[in-house]
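The file start30.cif contains mmCIF, C-alpha atoms:
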```cif
data_upload
loop_
_atom_site.label_atom_id
_atom_site.label_comp_id
_atom_site.auth_asym_id
_atom_site.auth_seq_id
_atom_site.Cartn_x
_atom_site.Cartn_y
_atom_site.Cartn_z
CA GLY N 8 -1.27 4.87 0.45
CA GLY N 9 0.02 6.78 -2.57
CA GLY N 10 -2.84 5.64 -4.80
CA LEU N 11 -5.41 7.16 -2.46
CA PHE N 12 -3.29 10.31 -2.16
CA ARG N 13 -3.24 10.76 -5.95
CA SER N 14 -6.91 10.00 -6.43
CA THR N 15 -8.44 12.26 -3.77
CA GLY N 16 -8.59 15.33 -6.01
CA GLY N 17 -10.57 13.34 -8.60
CA ARG N 18 -12.86 11.92 -5.94
CA PHE N 19 -13.75 15.36 -4.58
CA LYS N 20 -14.35 16.58 -8.12
CA GLY N 21 -16.86 13.75 -8.58
CA MET N 22 -18.60 14.68 -5.32
CA LEU N 23 -18.84 18.34 -6.37
CA GLU N 24 -20.39 17.31 -9.69
CA GLY N 25 -22.90 15.13 -7.84
CA LEU N 26 -23.84 18.05 -5.54
CA ARG N 27 -24.19 20.46 -8.46
CA GLY N 28 -26.49 18.24 -10.52
CA ASP N 29 -30.26 17.85 -10.30
CA ASP N 30 -30.22 14.08 -9.73
CA LEU N 31 -31.49 13.61 -6.16
CA ALA N 32 -30.05 10.11 -5.75
CA LYS N 33 -26.65 11.35 -6.93
CA GLN N 34 -26.82 14.32 -4.53
CA ILE N 35 -27.54 12.00 -1.59
CA GLU N 36 -24.78 9.60 -2.65
CA SER N 37 -22.27 12.47 -2.95
CA LEU N 38 -23.32 13.96 0.42
CA ASN N 39 -22.99 10.57 2.13
CA GLU N 40 -19.54 10.09 0.61
CA LEU N 41 -18.51 13.60 1.61
CA CYS N 42 -19.70 13.15 5.21
CA GLU N 43 -17.92 9.81 5.45
CA THR N 44 -14.67 11.29 4.08
CA LEU N 45 -14.80 14.30 6.42
CA CYS N 46 -15.74 12.16 9.41
CA MET N 47 -12.69 9.90 8.93
CA ALA N 48 -10.50 12.78 7.77
CA THR N 49 -6.75 12.83 7.91
CA GLU N 50 -4.60 15.55 6.39
CA GLU N 51 -3.77 13.20 3.52
CA SER N 52 -7.38 12.23 2.79
CA LEU N 53 -8.40 15.90 2.43
CA VAL N 54 -5.86 16.77 -0.28
CA GLY N 55 -7.79 18.24 -3.19
CA LEU N 56 -10.77 19.36 -1.10
CA SER N 57 -11.73 22.97 -1.82
CA VAL N 58 -13.84 24.42 1.00
CA GLU N 59 -14.49 27.46 -1.24
CA ALA N 60 -16.03 25.25 -3.95
CA LEU N 61 -17.95 23.10 -1.49
CA LEU N 62 -19.59 25.57 0.92
CA PRO N 63 -21.74 27.50 -1.60
CA LEU N 64 -23.18 24.17 -2.81
CA LEU N 65 -23.89 23.02 0.76
CA VAL N 66 -25.59 26.34 1.57
CA THR N 67 -27.82 25.91 -1.50
CA LEU N 68 -28.71 22.36 -0.44
CA VAL N 69 -29.47 23.35 3.18
CA SER N 70 -31.74 26.09 1.82
CA SER N 71 -33.41 23.87 -0.78
CA ASP N 72 -36.43 22.55 1.22
CA SER N 73 -36.70 19.79 -1.37
CA CYS N 74 -35.69 16.66 0.50
CA ALA N 75 -35.16 16.12 4.23
CA GLU N 76 -32.24 13.76 3.71
CA VAL N 77 -30.38 16.25 1.49
CA MET N 78 -30.87 19.08 4.01
CA LEU N 79 -29.81 16.85 6.92
CA LEU N 80 -26.65 15.61 5.19
CA ALA N 81 -25.73 19.12 3.99
CA CYS N 82 -26.05 20.48 7.57
CA ARG N 83 -23.97 17.56 8.82
CA ALA N 84 -21.29 18.11 6.16
CA ILE N 85 -20.88 21.74 7.29
CA ALA N 86 -20.44 20.52 10.90
CA TYR N 87 -17.83 17.98 9.78
CA ILE N 88 -15.96 20.67 7.81
CA LEU N 89 -15.78 22.76 11.00
CA GLU N 90 -14.48 19.76 12.94
CA SER N 91 -11.96 18.39 10.48
CA ILE N 92 -10.54 21.44 8.67
CA PRO N 93 -8.72 23.88 10.98
CA GLY N 94 -9.52 27.51 10.27
CA SER N 95 -12.57 26.69 8.15
CA SER N 96 -15.05 28.52 10.41
CA ALA N 97 -14.32 31.92 8.82
CA ALA N 98 -15.16 30.48 5.37
CA VAL N 99 -18.34 28.89 6.77
CA VAL N 100 -19.47 32.36 7.88
CA GLN N 101 -18.24 34.10 4.73
CA PHE N 102 -20.17 31.80 2.38
CA GLY N 103 -23.45 32.44 4.20
CA CYS N 104 -24.03 29.21 6.14
CA ILE N 105 -25.60 30.90 9.18
CA PRO N 106 -28.92 32.28 7.79
CA PRO N 107 -30.21 28.99 6.29
CA LEU N 108 -29.30 27.13 9.50
CA CYS N 109 -31.31 29.71 11.49
CA ASP N 110 -34.19 29.31 9.02
CA LYS N 111 -34.33 25.57 9.75
CA LEU N 112 -34.96 26.43 13.43
CA MET N 113 -37.57 29.12 12.78
CA ALA N 114 -39.82 26.84 10.70
CA ILE N 115 -39.36 23.22 11.68
CA SER N 116 -40.44 20.90 8.90
CA TYR N 117 -38.22 18.00 9.95
CA ILE N 118 -37.09 17.67 13.55
CA ASP N 119 -33.88 15.78 12.67
CA VAL N 120 -32.86 18.50 10.18
CA ALA N 121 -33.54 21.16 12.85
CA GLU N 122 -31.49 19.21 15.42
CA GLN N 123 -28.52 18.99 13.05
CA ALA N 124 -28.88 22.70 12.17
CA LEU N 125 -28.74 23.52 15.89
CA MET N 126 -25.64 21.35 16.45
CA THR N 127 -23.93 23.05 13.50
CA LEU N 128 -24.84 26.54 14.76
CA PHE N 129 -23.38 25.62 18.16
CA LYS N 130 -20.05 24.81 16.50
CA ILE N 131 -20.09 28.10 14.57
CA SER N 132 -21.01 30.08 17.72
CA GLN N 133 -17.79 29.00 19.44
CA ASP N 134 -15.71 31.25 17.16
CA HIS N 135 -18.28 33.55 15.56
CA ALA N 136 -20.84 34.47 18.24
CA VAL N 137 -21.38 37.99 16.89
CA GLN N 138 -22.23 36.79 13.37
CA VAL N 139 -24.67 34.17 14.69
CA LEU N 140 -26.32 36.76 16.94
CA ARG N 141 -26.63 39.27 14.06
CA ALA N 142 -28.33 36.63 11.91
CA GLY N 143 -31.05 36.26 14.56
CA GLY N 144 -29.43 33.18 16.07
CA MET N 145 -30.70 33.64 19.60
CA THR N 146 -34.33 33.95 18.53
CA ALA N 147 -33.89 30.96 16.18
CA VAL N 148 -32.30 28.69 18.81
CA LEU N 149 -34.98 29.48 21.42
CA ALA N 150 -37.99 29.45 19.05
CA TYR N 151 -38.88 25.75 19.46
CA LEU N 152 -36.32 24.71 22.08
CA ASP N 153 -38.73 22.55 24.08
CA PHE N 154 -39.57 20.47 20.98
CA PHE N 155 -36.11 18.92 21.13
CA PRO N 156 -34.76 16.06 23.28
CA ILE N 157 -33.08 17.31 26.45
CA SER N 158 -29.55 16.69 25.12
CA VAL N 159 -30.29 18.96 22.13
CA GLN N 160 -31.89 21.57 24.43
CA ARG N 161 -28.63 21.66 26.39
CA THR N 162 -26.68 22.28 23.18
CA GLY N 163 -29.16 25.05 22.35
CA MET N 164 -28.59 26.72 25.71
CA ALA N 165 -24.80 26.33 25.38
CA THR N 166 -25.17 28.15 22.03
CA VAL N 167 -27.16 30.96 23.71
CA ALA N 168 -24.46 31.26 26.39
CA ASN N 169 -21.85 31.58 23.61
CA LEU N 170 -23.90 34.32 21.94
CA CYS N 171 -23.97 36.30 25.20
CA LYS N 172 -20.16 36.55 25.21
CA ARG N 173 -20.12 39.44 22.77
CA VAL N 174 -23.33 41.46 23.22
CA SER N 175 -22.91 45.24 23.02
CA ALA N 176 -25.34 48.07 23.65
CA ASP N 177 -25.80 48.17 19.85
CA SER N 178 -26.79 44.50 19.61
CA MET N 179 -28.94 44.39 22.76
CA HIS N 180 -32.07 44.58 20.60
CA LEU N 181 -31.18 41.11 19.23
CA VAL N 182 -31.34 39.68 22.75
CA ARG N 183 -34.12 41.67 24.42
CA GLU N 184 -37.08 39.61 23.19
CA SER N 185 -35.44 36.41 24.50
CA ILE N 186 -34.99 37.71 28.07
CA PRO N 187 -38.44 36.57 29.38
CA GLN N 188 -37.85 33.03 28.08
CA LEU N 189 -34.31 32.92 29.51
CA SER N 190 -35.58 34.22 32.86
CA ALA N 191 -38.18 31.41 32.96
CA LEU N 192 -35.54 28.81 32.02
CA LEU N 193 -33.71 29.58 35.28
CA LEU N 194 -36.36 27.34 36.86
CA SER N 195 -35.81 24.44 34.41
CA SER N 196 -35.70 21.02 36.04
CA ASP N 197 -32.48 20.25 34.12
CA GLN N 198 -29.36 21.37 35.95
CA LYS N 199 -27.22 21.70 32.79
CA ILE N 200 -29.77 24.03 31.19
CA VAL N 201 -29.87 26.14 34.38
CA GLU N 202 -26.04 26.36 34.36
CA HIS N 203 -26.03 27.58 30.74
CA VAL N 204 -28.76 30.17 31.53
CA CYS N 205 -26.76 31.45 34.53
CA THR N 206 -23.66 31.71 32.33
CA ALA N 207 -25.67 33.60 29.69
CA PHE N 208 -26.96 36.15 32.22
CA CYS N 209 -23.51 36.61 33.83
CA ARG N 210 -21.98 37.29 30.42
CA LEU N 211 -24.79 39.65 29.43
CA ALA N 212 -24.47 41.63 32.66
CA ALA N 213 -20.68 41.87 32.19
CA ASP N 214 -21.08 42.95 28.54
CA ILE N 215 -23.42 45.86 29.29
CA GLN N 216 -22.58 46.77 32.88
CA ALA N 217 -22.01 50.40 31.90
CA HIS N 218 -25.57 50.73 30.51
CA THR N 219 -28.06 50.98 33.36
CA ALA N 220 -31.15 50.98 31.13
CA HIS N 221 -30.06 47.73 29.47
CA LEU N 222 -29.29 46.14 32.84
CA GLU N 223 -32.79 47.10 34.01
CA SER N 224 -34.34 45.55 30.88
CA ILE N 225 -32.48 42.29 31.60
CA ALA N 226 -33.85 42.23 35.15
CA ALA N 227 -37.41 43.24 34.20
CA HIS N 228 -38.84 39.79 33.42
CA GLY N 229 -38.50 37.77 36.61
CA LEU N 230 -34.72 37.27 36.59
CA ILE N 231 -34.19 38.34 40.23
CA PRO N 232 -37.13 36.47 41.86
CA ASN N 233 -36.32 33.37 39.78
CA ALA N 234 -32.65 33.56 40.71
CA TRP N 235 -33.65 33.97 44.37
CA ARG N 236 -35.95 30.96 44.14
CA LEU N 237 -33.14 28.96 42.54
CA LEU N 238 -30.78 29.92 45.37
CA SER N 239 -33.40 29.06 48.00
CA GLN N 240 -33.91 25.63 46.42
CA SER N 241 -30.18 24.94 46.37
CA PHE N 242 -29.81 26.03 50.01
CA SER N 243 -32.71 23.86 51.15
CA SER N 244 -31.56 20.82 49.15
CA SER N 245 -28.01 21.11 50.52
CA GLY N 246 -29.32 21.22 54.08
CA ALA N 247 -28.18 24.76 54.71
CA PRO N 248 -30.28 26.70 57.23
CA GLY N 249 -33.29 28.26 55.54
#
```
What do you get writing this file as structure tokens?
Amino acid sequence: GGGLFRSTGGRFKGMLEGLRGDDLAKQIESLNELCETLCMATEESLVGLSVEALLPLLVTLVSSDSCAEVMLLACRAIAYILESIPGSSAAVVQFGCIPPLCDKLMAISYIDVAEQALMTLFKISQDHAVQVLRAGGMTAVLAYLDFFPISVQRTGMATVANLCKRVSADSMHLVRESIPQLSALLLSSDQKIVEHVCTAFCRLAADIQAHTAHLESIAAHGLIPNAWRLLSQSFSSSGAPG
């Protein structure tokens, strides 16, 4: 009620102080409280929350490499901010959240931190595909994809498909090195992954259809024979004449 409404500003101030300090136990306590508050968020419960004050601290904690739990909770808090605060995704990008999330995928020290980083990048990629791509997001997502459980791999491929929405001739170099891996993933045994790969290639081809050389580079790593094999498999499994 009203008491909670009046006290939220003070509560967030306490959390910010906990995140700023050097006391690890206090940081973890503040992050847990923040995640819980954001997870159960209502408009009233978020009065007094300053995304601008919070995000730089969360970026520092994600980047810290000091404690797995701190990095995990900081990644999760960013994801909850995206979910519970409309319009916050621009601030998440502006305050530099993307590069440290990509870093967690390029050098995996803790698999659960990397999983959460990937989930958070997926959320960012829905509105800010270009910024994730420019930060090396496609390379980062695909770097250790097969280390993850299949559900997380699917989220990774959904992220890649998002990144292919806005590729231009100028950003093709950020995608090119991933083409052989994407071409091979057309033959994944998981149907959802295959669907996301097909979506990624369709979007890429649409993005750069006016650039023949780029289209040729997309097709140069087994895309067409793998796509043909995929079609043949689907025809034979559906009982269509071979």
Result set of the PyMOL selection byres ((chain N and resi 131) around 12) on the coordinates above, as a VMD selection string: chain N and resid 82 85 to 90 94 to 101 103 to 106 108 to 109 124 to 130 132 to 140 144 165 to 167 169 to 170
Find the distance between CA of His203 in chain N and CA of Tyr151 in chain N and write it in Å to one decimal.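 Here the two named atoms are 17.2 Å from each other.
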d(CA of Ala81 in chain N, CA of Leu181 in chain N) in Å: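 Separation of CA of Ala81 in chain N and CA of Leu181 in chain N: 27.3 Å.
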Taking 5 positions as the minimum chain separation for residues in the same chain, which residues sit within 10 Å of range 72-75 of chain N when counting only C-alpha atoms? Answer as a ChimeraX atom specification. /N:31,35,67,80-81,111,116-120
To one decimal place in Å, what is the distance between CA of Leu64 in chain N and CA of Pro93 in chain N?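 One can read the CA of Leu64 in chain N to CA of Pro93 in chain N distance as 20.0 Å.
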Rank nothing, just name the residue among N:Ser37, N:Ser158, N:Thr49, N:Ser195 nearest to Leu61 in chain N, using only C-alpha atoms.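 Nearest candidate to Leu61 in chain N out of N:Ser37, N:Ser158, N:Thr49, N:Ser195: N:Ser37.
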Expansion of the PyMOL selection byres ((chain N and resi 60) around 12) into residues, as a PyMOL selection string: chain N and resi 19-20+22-24+26-27+55-59+61-66+98-99+102
Find, counting all atoms listed in the file, the residue in N:Leu237, N:Ala191, N:Val204, N:Ala147 that gets nearest to Arg161 in chain N.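 Of the candidates, the smallest distance to Arg161 in chain N is held by N:Val204.
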Out of N:Val148, N:Asp153, N:Asp214, N:Ala142, which residue has the shortest atom-to-atom distance to Arg173 in chain N when counting only C-alpha atoms? N:Asp214
Coordinates of box centre and edge lengths for range 55-74 of chain N, 8 Å on every side, axis-aligned, as JSON:
```
{"center_x": -22.2, "center_y": 22.1, "center_z": -0.4, "size_x": 44.9, "size_y": 26.8, "size_z": 23.1}
```
For Ser185 in chain N, find every residue with an atom within 10 Å (counting all atoms listed in the file), except residues of its own chain fewer than 2 positions away, and show them as a list of chain:residue names. N:Met145, N:Thr146, N:Leu149, N:Ala150, N:Val167, N:His180, N:Leu181, N:Val182, N:Arg183, N:Pro187, N:Gln188, N:Leu189, N:Ser190, N:Ile225
Which one of N:Asp29, N:Glu76, N:Arg83, N:Ala176 sits closest to Glu43 in chain N if you count all atoms listed in the file?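 Of N:Asp29, N:Glu76, N:Arg83, N:Ala176, the one nearest Glu43 in chain N, counting all atoms listed in the file, is N:Arg83.
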